[in-house]
Number of protein chains: 4
Amino acid sequence: MNIRTDLALENLEIAGEILPEGVKKESHKKENLTITKVEVTSDSGANILGKPIGTYITIEMDSLKGFSDNFEGETEVVAEQINQLLPKEGLVLVIGLGNEDITPDAIGPQVVSGLLATRHLVNGFAQEYGLGSLRPVAAVAPGVLGQTGMETAEIVHSLCRQIKPAAVVAVDALASRSVERLGTTVQIADTGISPGSGVQNQRAELSRQSLGIPVIAVGVPTVVDMTTIAYDLLGEGYQSEKVSDRGRTMMVTPREIDKIIKQAAKTVAAGLNRALQPELSMEEIVGLTA
Amino acid sequence: MNIRTDLALENLEIAGEILPEGVKKESHKKENLTITKVEVTSDSGANILGKPIGTYITIEMDSLKGFSDNFEGETEVVAEQINQLLPKEGLVLVIGLGNEDITPDAIGPQVVSGLLATRHLVNGFAQEYGLGSLRPVAAVAPGVLGQTGMETAEIVHSLCRQIKPAAVVAVDALASRSVERLGTTVQIADTGISPGSGVQNQRAELSRQSLGIPVIAVGVPTVVDMTTIAYDLLGEGYQSEKVSDRGRTMMVTPREIDKIIKQAAKTVAAGLNRALQPELSMEEIVGLTA
Amino acid sequence: MNIRTDLALENLEIAGEILPEGVKKESHKKENLTITKVEVTSDSGANILGKPIGTYITIEMDSLKGFSDNFEGETEVVAEQINQLLPKEGLVLVIGLGNEDITPDAIGPQVVSGLLATRHLVNGFAQEYGLGSLRPVAAVAPGVLGQTGMETAEIVHSLCRQIKPAAVVAVDALASRSVERLGTTVQIADTGISPGSGVQNQRAELSRQSLGIPVIAVGVPTVVDMTTIAYDLLGEGYQSEKVSDRGRTMMVTPREIDKIIKQAAKTVAAGLNRALQPELSMEEIVGLTA
Amino acid sequence: MNIRTDLALENLEIAGEILPEGVKKESHKKENLTITKVEVTSDSGANILGKPIGTYITIEMDSLKGFSDNFEGETEVVAEQINQLLPKEGLVLVIGLGNEDITPDAIGPQVVSGLLATRHLVNGFAQEYGLGSLRPVAAVAPGVLGQTGMETAEIVHSLCRQIKPAAVVAVDALASRSVERLGTTVQIADTGISPGSGVQNQRAELSRQSLGIPVIAVGVPTVVDMTTIAYDLLGEGYQSEKVSDRGRTMMVTPREIDKIIKQAAKTVAAGLNRALQPELSMEEIVGLTA
């Protein structure tokens, strides 16, 4: 059966015990978080995983469930891992994908609203207030096709032509195979957003190929499709012909999704701010963002 | 296995083909809605259904899914059915149960915010503006135990002692067995709210026994527990020992829950306003509520 | 003294009794609304009014105060007047200016969220659902410089290069001289947005000159500066040297601004939808927007 | 003329240079905040000030303007001053007055949503988690008369009969004479809420006389009436007969009111939490409130 997931880590689990050819995997623990790097290095690996060639970093934590007792530590780990894939300098354009009016899809917009945009401050302001060297950042959550009549990709392409960023960071809600991972995992990949991924069914590609610059995708799983839940709960007990049509297509999310999204957005936004503005303290970032 | 549902109609389905002794059931269609009245008339019926003796009216519609093409018609049916159980006159206290910050639990608070409170208008204002005879209505959404430190039942008891209503209407989010029914069904019962029902796990009783006046419960299913989803999807394929512990307890809701709740609250609030203020036009109600 | 207003009508009042050379003015009533067209036809007129050459239509109504008893009528008038200035066909890009988190500045974003975007529907969808000929519309509320690090004008320029609209409609909150006009007036102009207008102090120009296509500005006054209040209240009693520095700069808004903005956004969005989709009924528009 | 203010400090300024008989005043600075205690000790003092006999503590700070660089310090000062008037032990009922849908009136509801309710935790939970001795706190924001059909005073009276608190804390938005003080001042009084005070025009009394227990009022000025603005700006230049009728009654608030309310609510909620739970750390309070 076709299992719906946007996490390379889960695709690898589904592929089975033995690591496929053209795929590397390594894990380590830090701050009680499990950090796993999956590298897809060949077309055969890409075919087996159903994921483009590239690097997929997964951070598994608990804090996203609604409250964290280690916010600083998790923020540092997210920042560190984003820095692994992000160019060291130049303007960064952060795009919050998704619809802010659909709670499980609102993580992109909520991250952008917690982000420190600095592109307009880098010259005058920063010196004036002795903020050291600010990295220029632009950020926007343009909304989804149904709201704007424009593909997010069209909007991003036109903004890139206008402001010429060195890299794009695209923040999005993802689908997971496992309910255990909803709101507890962050995936950071250098492959951008490929069509059909994310919670929206169709989405034009945002990638190095299409934009000509690095596109870092930062995603948090917030939904599961019901067929997957049944499979995940029942393993071989599962008989797909029994699944109702609505069940096949219906995406579900935990009852506590509002808190999950709020906490996840806070963690990802803080991690991005730390990664983008290493010379600012948390306090300075909060002060400038507020 | 134990199937989690707050709908008498679903308890009856689970009980099997033959109608149990002490339970009556009749259905009819109106405005393309299916209206089913289940009456539990004896203790044996109550035991089989796991529901107190009383009347449970279920309205099955589509409109709650996020947009209605028959809003007026559905509103009339909801009003009609509420009037079946509501005393014809006297002050009505409407309580919005649930936590407005948890989307699938917010239907009670959202209905209250669309409700026309008139207790303070009935004397001076109504005559002055020639609004005919307003029925006195009070409404409050006090929040949940974790927010207030008080059981909703304590708050309702104290308000009833203070304002002495003729009846209480308690609006709440429910759990359903079937994903097909999430946001597409309204249950109206004269049995009030019994402990453990509703989305909150524990809730003190709100009933004629405890308050000494009729307590009408108006509920819309917004969540399903995952074990139930698996059962609902797979029937006999289901093997409960395979279900993970988190799966057993986790409640899920559709990805589109924000729109579902908004539309359901609009329909239920309009139905309640129509039932409570038969002499006002929709326009007058909207004008006074705005 | 310098009186802060974005309404051509108020600039004209300040200029005095006699109509300046290079300025035309005519008024008529419809649906109990006063519709005034001010045309600035020469540089001398432009200098006296402090407004660029062009047409400024003002609709004075009551509905925006928080509740309307003539919503349909006002919507029609707004649609009619927008059609006076809008090209008859071709793609329209609607921009919601302002910060959705600052209530008096949120009218642009709120109008956009009530707008029917159709650019992605015009081909397949419209025929399929027999919706007659939809006019292509794109809409976005990108946020303000402090949130995005990009001038709204930069964003609009880049989107125009990408999607090549026939016209831009820019919706914005305005400053008024008179508290009587807050939330009760709509100004529609063919001059676009000029620097320093709107509630934001600095804003790059959005105009036919800068974009090469018609730019229709639709604005609702939502703030007054305190010096202006004092002047407006006291006429010659006013002595500017007495005004505190904070008073000079502080912008204020009515206590009921949330309701005012909500109602004004509803009226303007409905008027724009009517003007842009003359072949759709209100019901079809609501259904497609929901 | 009649100057509208709910701040005893401003009434005293208006009364003139010399301290009236029956009124004491002392000020000191701490954490760069000015703390002023006004005591009204006799009926003659009460008449001159137009305030009931009692103690009025005013804290003047900057943080409420939208961002604080001394949040901890201000929180401590607010906690300290509330403790001056609050009984040392027993259940406290915190009431958030005002309408959460009207931004300048939402401070009461926003403070309650940031408050740690513990009445339901004091026995089982606290021991279990070794939280030391929690003080029992209940909190509710019932909404205003127009929403509920019940006077806030009726609701508070009935809750007091039910849960028998040792004291009530009532948090409310206030009117100020001076725009300089909007969102920059907290007034803490032991006189409760008297009719006609607060932003709502009419409000039944909440006081030791009416409830039989101490009632601490915590208020933040968020609105000014326009006549007062004119007077405040113009002093003797003011001629009241020139003020328009709408001007007389219209209450205004700063354009940035959303941020002002958010920051003020955060400061007051943290101060109340500190005052009520001296044995919990900020982190424990946040963790339990989240």
# chains A, B, ... in the order shown; residues from 1 in each chain; ligands from 1

call {"tool": "interface_residues", "arguments": {"of": "chain D", "to": "chain B", "cutoff": "9 Å", "atoms": "only C-alpha atoms", "output": "ChimeraX atom specification"}}
result
/D:112-113,115-121,136-143,145-151,154-155,157-163,289

call {"tool": "write_last_selection", "arguments": {"atoms": "C-alpha atoms", "output": "compact mmCIF listing (two decimals), in the first residue's frame"}}
result
# COMPACT_ATOMS: atom_id res chain seq x y z
CA VAL D 112 -7.19 35.97 33.36
CA SER D 113 -6.00 33.86 30.43
CA LEU D 115 -3.31 33.52 35.25
CA LEU D 116 -2.52 30.26 37.04
CA ALA D 117 -5.78 28.81 38.44
CA THR D 118 -4.94 26.38 41.25
CA ARG D 119 -8.10 25.80 43.28
CA HIS D 120 -8.50 22.38 41.64
CA LEU D 121 -4.82 21.47 42.17
CA PRO D 136 -5.87 28.31 45.92
CA VAL D 137 -6.87 30.64 43.07
CA ALA D 138 -9.98 30.66 40.88
CA ALA D 139 -10.26 32.92 37.84
CA VAL D 140 -12.94 33.76 35.30
CA ALA D 141 -13.65 36.39 32.62
CA PRO D 142 -17.43 36.13 32.30
CA GLY D 143 -17.92 38.79 29.63
CA LEU D 145 -23.75 42.55 30.24
CA GLY D 146 -24.42 42.82 26.52
CA GLN D 147 -22.92 39.38 25.93
CA THR D 148 -24.28 37.51 28.96
CA GLY D 149 -27.50 39.29 29.95
CA MET D 150 -26.10 39.28 33.50
CA GLU D 151 -24.38 42.04 35.44
CA GLU D 154 -24.45 39.25 39.81
CA ILE D 155 -22.04 36.64 38.50
CA HIS D 157 -21.86 37.50 43.94
CA SER D 158 -23.14 34.06 42.98
CA LEU D 159 -19.63 32.63 42.56
CA CYS D 160 -18.62 34.04 45.96
CA ARG D 161 -21.57 32.30 47.59
CA GLN D 162 -20.50 29.07 45.89
CA ILE D 163 -16.72 28.99 46.45
CA THR D 289 -0.17 27.98 32.90

call {"tool": "select_by_dssp", "arguments": {"residues": "segment 25-246 of chain D", "states": "strand (DSSP E)", "output": "PyMOL selection string"}}
result
chain D and resi 25-30+33-40+54-60+92-96+137-140+167-175+185-189+215-225

call {"tool": "atom_distance", "arguments": {"atom1": "atom CA of Ala275 of chain D", "atom2": "atom CA of Asp172 of chain D"}}
result
17.8 Å

call {"tool": "residues_around", "arguments": {"residues": "segment 40-43 of chain D", "least_positions_apart": "5", "cutoff": "8 Å", "atoms": "only C-alpha atoms", "output": "ChimeraX atom specification"}}
result
/D:22-24,51-55

call {"tool": "select_by_dssp", "arguments": {"residues": "segment 23-242 of chain C", "states": "alpha helix (DSSP H)", "output": "ChimeraX atom specification"}}
result
/C:43-49,71-85,107-113,124-128,145-148,152-163,208-211,226-234

call {"tool": "closest_residue", "arguments": {"among": "B:Thr191, B:Gln263, B:Thr253, B:Ser178", "to": "Ile3 of chain B", "atoms": "only C-alpha atoms"}}
result
B:Ser178

call {"tool": "atom_distance", "arguments": {"atom1": "atom CA of Pro20 of chain A", "atom2": "atom CA of Gly45 of chain A"}}
result
6.4 Å

call {"tool": "residues_around", "arguments": {"residues": "Arg255 of chain A", "least_positions_apart": "2", "cutoff": "10 Å", "atoms": "only C-alpha atoms", "output": "number ranges by chain"}}
result
A: 252-253, 257-260; B: 102-105, 199, 222-225, 250-254, 257

call {"tool": "residues_around", "arguments": {"residues": "Gly108 of chain A", "least_positions_apart": "4", "cutoff": "7 Å", "atoms": "only C-alpha atoms", "output": "mmCIF file with all heavy atoms, in the first residue's frame"}}
result
data_model
loop_
_atom_site.group_PDB
_atom_site.id
_atom_site.type_symbol
_atom_site.label_atom_id
_atom_site.label_comp_id
_atom_site.auth_asym_id
_atom_site.auth_seq_id
_atom_site.Cartn_x
_atom_site.Cartn_y
_atom_site.Cartn_z
ATOM 1 N N GLY A 96 6.844 31.377 4.762
ATOM 2 C CA GLY A 96 5.932 30.570 5.571
ATOM 3 C C GLY A 96 4.833 30.031 4.675
ATOM 4 O O GLY A 96 3.963 30.780 4.250
ATOM 5 N N LEU A 97 4.901 28.723 4.366
ATOM 6 C CA LEU A 97 3.892 28.107 3.507
ATOM 7 C C LEU A 97 2.661 27.738 4.338
ATOM 8 O O LEU A 97 2.759 27.554 5.547
ATOM 9 C CB LEU A 97 4.467 26.848 2.857
ATOM 10 C CG LEU A 97 5.695 27.069 1.978
ATOM 11 C CD1 LEU A 97 6.332 25.733 1.614
ATOM 12 C CD2 LEU A 97 5.320 27.828 0.710
ATOM 13 N N GLY A 98 1.524 27.632 3.682
ATOM 14 C CA GLY A 98 0.328 27.149 4.368
ATOM 15 C C GLY A 98 -0.674 28.251 4.653
ATOM 16 O O GLY A 98 -0.419 29.430 4.416
ATOM 17 N N VAL A 112 6.846 32.604 10.600
ATOM 18 C CA VAL A 112 7.200 33.906 10.006
ATOM 19 C C VAL A 112 6.829 35.049 10.950
ATOM 20 O O VAL A 112 7.592 36.007 11.102
ATOM 21 C CB VAL A 112 6.535 34.070 8.626
ATOM 22 C CG1 VAL A 112 6.513 35.531 8.185
ATOM 23 C CG2 VAL A 112 7.287 33.226 7.599
ATOM 24 N N VAL A 171 9.244 27.111 5.279
ATOM 25 C CA VAL A 171 8.727 26.436 6.474
ATOM 26 C C VAL A 171 7.322 25.928 6.167
ATOM 27 O O VAL A 171 6.491 26.671 5.643
ATOM 28 C CB VAL A 171 8.690 27.392 7.677
ATOM 29 C CG1 VAL A 171 8.224 26.658 8.930
ATOM 30 C CG2 VAL A 171 10.059 28.028 7.895
ATOM 31 N N ASP A 172 7.057 24.661 6.486
ATOM 32 C CA ASP A 172 5.808 24.046 6.055
ATOM 33 C C ASP A 172 5.340 22.991 7.062
ATOM 34 O O ASP A 172 6.128 22.464 7.835
ATOM 35 C CB ASP A 172 6.035 23.360 4.690
ATOM 36 C CG ASP A 172 4.733 23.144 3.929
ATOM 37 O OD1 ASP A 172 3.664 23.571 4.410
ATOM 38 O OD2 ASP A 172 4.809 22.546 2.840
ATOM 39 N N ALA A 173 4.040 22.714 7.048
ATOM 40 C CA ALA A 173 3.485 21.584 7.803
ATOM 41 C C ALA A 173 3.611 20.330 6.959
ATOM 42 O O ALA A 173 3.472 20.384 5.737
ATOM 43 C CB ALA A 173 2.024 21.854 8.138
#

call {"tool": "atom_distance", "arguments": {"atom1": "atom CA of Lys29 of chain D", "atom2": "atom CA of Ile59 of chain D"}}
result
9.5 Å

call {"tool": "residues_around", "arguments": {"residues": "Ala270 of chain A", "least_positions_apart": "2", "cutoff": "9 Å", "atoms": "only C-alpha atoms", "output": "mmCIF file with N, CA and C atoms, in the first residue's frame"}}
result
data_model
loop_
_atom_site.group_PDB
_atom_site.id
_atom_site.type_symbol
_atom_site.label_atom_id
_atom_site.label_comp_id
_atom_site.auth_asym_id
_atom_site.auth_seq_id
_atom_site.Cartn_x
_atom_site.Cartn_y
_atom_site.Cartn_z
ATOM 1 N N GLU A 72 15.575 26.370 25.502
ATOM 2 C CA GLU A 72 16.869 26.898 25.037
ATOM 3 C C GLU A 72 17.673 25.819 24.313
ATOM 4 N N THR A 75 16.173 24.913 20.969
ATOM 5 C CA THR A 75 16.407 26.012 20.039
ATOM 6 C C THR A 75 17.823 25.950 19.476
ATOM 7 N N GLU A 76 18.798 25.695 20.360
ATOM 8 C CA GLU A 76 20.194 25.618 19.917
ATOM 9 C C GLU A 76 20.386 24.493 18.899
ATOM 10 N N VAL A 78 18.129 23.101 16.901
ATOM 11 C CA VAL A 78 17.485 23.466 15.631
ATOM 12 C C VAL A 78 18.382 24.446 14.871
ATOM 13 N N ALA A 79 18.917 25.451 15.587
ATOM 14 C CA ALA A 79 19.787 26.450 14.946
ATOM 15 C C ALA A 79 21.019 25.779 14.328
ATOM 16 N N VAL A 111 5.520 30.721 12.205
ATOM 17 C CA VAL A 111 6.973 30.874 12.312
ATOM 18 C C VAL A 111 7.384 32.236 11.759
ATOM 19 N N GLY A 114 6.963 35.073 14.055
ATOM 20 C CA GLY A 114 7.920 35.126 15.155
ATOM 21 C C GLY A 114 9.341 35.396 14.693
ATOM 22 N N LEU A 115 9.499 35.657 13.403
ATOM 23 C CA LEU A 115 10.835 35.800 12.826
ATOM 24 C C LEU A 115 11.273 37.264 12.820
ATOM 25 N N ALA A 265 5.902 26.294 16.480
ATOM 26 C CA ALA A 265 6.265 27.527 15.765
ATOM 27 C C ALA A 265 7.245 28.350 16.599
ATOM 28 N N LYS A 266 7.029 28.372 17.913
ATOM 29 C CA LYS A 266 7.913 29.133 18.798
ATOM 30 C C LYS A 266 9.333 28.558 18.748
ATOM 31 N N THR A 267 9.431 27.226 18.798
ATOM 32 C CA THR A 267 10.738 26.570 18.780
ATOM 33 C C THR A 267 11.440 26.780 17.444
ATOM 34 N N VAL A 268 10.729 26.585 16.331
ATOM 35 C CA VAL A 268 11.344 26.725 15.008
ATOM 36 C C VAL A 268 11.732 28.184 14.744
ATOM 37 N N LEU A 272 15.478 29.427 14.029
ATOM 38 C CA LEU A 272 15.836 30.171 12.819
ATOM 39 C C LEU A 272 16.473 31.510 13.179
ATOM 40 N N ASN A 273 15.882 32.220 14.145
ATOM 41 C CA ASN A 273 16.458 33.511 14.548
ATOM 42 C C ASN A 273 17.890 33.331 15.048
ATOM 43 N N ARG A 274 18.108 32.282 15.849
ATOM 44 C CA ARG A 274 19.462 32.011 16.357
ATOM 45 C C ARG A 274 20.414 31.697 15.209
ATOM 46 N N ALA A 275 19.960 30.888 14.258
ATOM 47 C CA ALA A 275 20.821 30.492 13.141
ATOM 48 C C ALA A 275 21.160 31.700 12.267
ATOM 49 N N MET A 282 19.146 36.224 22.669
ATOM 50 C CA MET A 282 17.704 35.948 22.669
ATOM 51 C C MET A 282 16.923 37.225 23.023
ATOM 52 N N ILE A 285 16.783 39.667 20.220
ATOM 53 C CA ILE A 285 15.885 39.177 19.164
ATOM 54 C C ILE A 285 14.434 39.410 19.558
#

call {"tool": "residues_around", "arguments": {"residues": "Leu9 of chain A", "least_positions_apart": "2", "cutoff": "12 Å", "atoms": "only C-alpha atoms", "output": "PyMOL selection string"}}
result
chain A and resi 5-7+11-16+19+23-27+34-40+49-51+55-60+176-178+181+185-189

call {"tool": "decode", "arguments": {"residues": "segment 95-106 of chain B", "atoms": "all heavy atoms", "output": "compact mmCIF listing (two decimals), in the first residue's frame"}}
result
# COMPACT_ATOMS: atom_id res chain seq x y z
N ILE B 95 -25.27 27.69 28.39
CA ILE B 95 -23.88 27.52 28.82
C ILE B 95 -23.07 26.97 27.66
O ILE B 95 -23.42 25.94 27.09
CB ILE B 95 -23.79 26.53 30.00
CG1 ILE B 95 -24.65 27.00 31.17
CG2 ILE B 95 -22.34 26.34 30.43
CD1 ILE B 95 -24.15 28.27 31.83
N GLY B 96 -22.00 27.66 27.29
CA GLY B 96 -21.07 27.15 26.29
C GLY B 96 -19.96 26.40 26.99
O GLY B 96 -19.11 27.03 27.61
N LEU B 97 -19.98 25.07 26.91
CA LEU B 97 -18.94 24.26 27.56
C LEU B 97 -17.71 24.19 26.67
O LEU B 97 -17.81 24.35 25.45
CB LEU B 97 -19.47 22.86 27.83
CG LEU B 97 -20.70 22.77 28.74
CD1 LEU B 97 -21.28 21.36 28.72
CD2 LEU B 97 -20.34 23.17 30.16
N GLY B 98 -16.56 23.92 27.26
CA GLY B 98 -15.35 23.70 26.47
C GLY B 98 -14.39 24.87 26.51
O GLY B 98 -14.69 25.93 27.07
N ASN B 99 -13.23 24.64 25.89
CA ASN B 99 -12.10 25.55 25.93
C ASN B 99 -11.96 26.25 24.58
O ASN B 99 -11.66 25.61 23.57
CB ASN B 99 -10.83 24.74 26.24
CG ASN B 99 -9.60 25.61 26.36
OD1 ASN B 99 -9.57 26.75 25.89
ND2 ASN B 99 -8.57 25.07 27.00
N GLU B 100 -12.16 27.58 24.55
CA GLU B 100 -12.17 28.29 23.27
C GLU B 100 -10.79 28.28 22.59
O GLU B 100 -10.70 28.53 21.39
CB GLU B 100 -12.66 29.73 23.45
CG GLU B 100 -11.72 30.62 24.21
CD GLU B 100 -12.24 32.05 24.38
OE1 GLU B 100 -13.08 32.50 23.58
OE2 GLU B 100 -11.80 32.72 25.35
N ASP B 101 -9.74 27.94 23.36
CA ASP B 101 -8.39 27.91 22.77
C ASP B 101 -8.04 26.56 22.14
O ASP B 101 -6.95 26.42 21.57
CB ASP B 101 -7.34 28.26 23.84
CG ASP B 101 -7.58 29.64 24.43
OD1 ASP B 101 -8.13 30.50 23.71
OD2 ASP B 101 -7.25 29.83 25.62
N ILE B 102 -8.92 25.56 22.28
CA ILE B 102 -8.72 24.25 21.65
C ILE B 102 -9.80 24.11 20.58
O ILE B 102 -10.97 23.88 20.91
CB ILE B 102 -8.81 23.13 22.70
CG1 ILE B 102 -7.66 23.26 23.71
CG2 ILE B 102 -8.81 21.75 22.04
CD1 ILE B 102 -7.71 22.25 24.84
N THR B 103 -9.41 24.28 19.32
CA THR B 103 -10.41 24.41 18.25
C THR B 103 -11.51 23.36 18.30
O THR B 103 -12.69 23.71 18.29
CB THR B 103 -9.71 24.46 16.88
OG1 THR B 103 -8.77 25.54 16.89
CG2 THR B 103 -10.69 24.70 15.75
N PRO B 104 -11.19 22.05 18.40
CA PRO B 104 -12.29 21.07 18.37
C PRO B 104 -13.18 21.14 19.61
O PRO B 104 -14.25 20.54 19.63
CB PRO B 104 -11.57 19.71 18.33
CG PRO B 104 -10.13 20.00 18.15
CD PRO B 104 -9.88 21.42 18.50
N ASP B 105 -12.76 21.87 20.62
CA ASP B 105 -13.52 21.98 21.87
C ASP B 105 -14.24 23.33 21.96
O ASP B 105 -14.90 23.63 22.95
CB ASP B 105 -12.55 21.83 23.05
CG ASP B 105 -13.24 21.45 24.34
OD1 ASP B 105 -14.29 20.78 24.28
OD2 ASP B 105 -12.74 21.84 25.42
N ALA B 106 -14.10 24.17 20.92
CA ALA B 106 -14.53 25.58 21.00
C ALA B 106 -15.97 25.80 20.58
O ALA B 106 -16.44 26.94 20.56
CB ALA B 106 -13.60 26.46 20.18
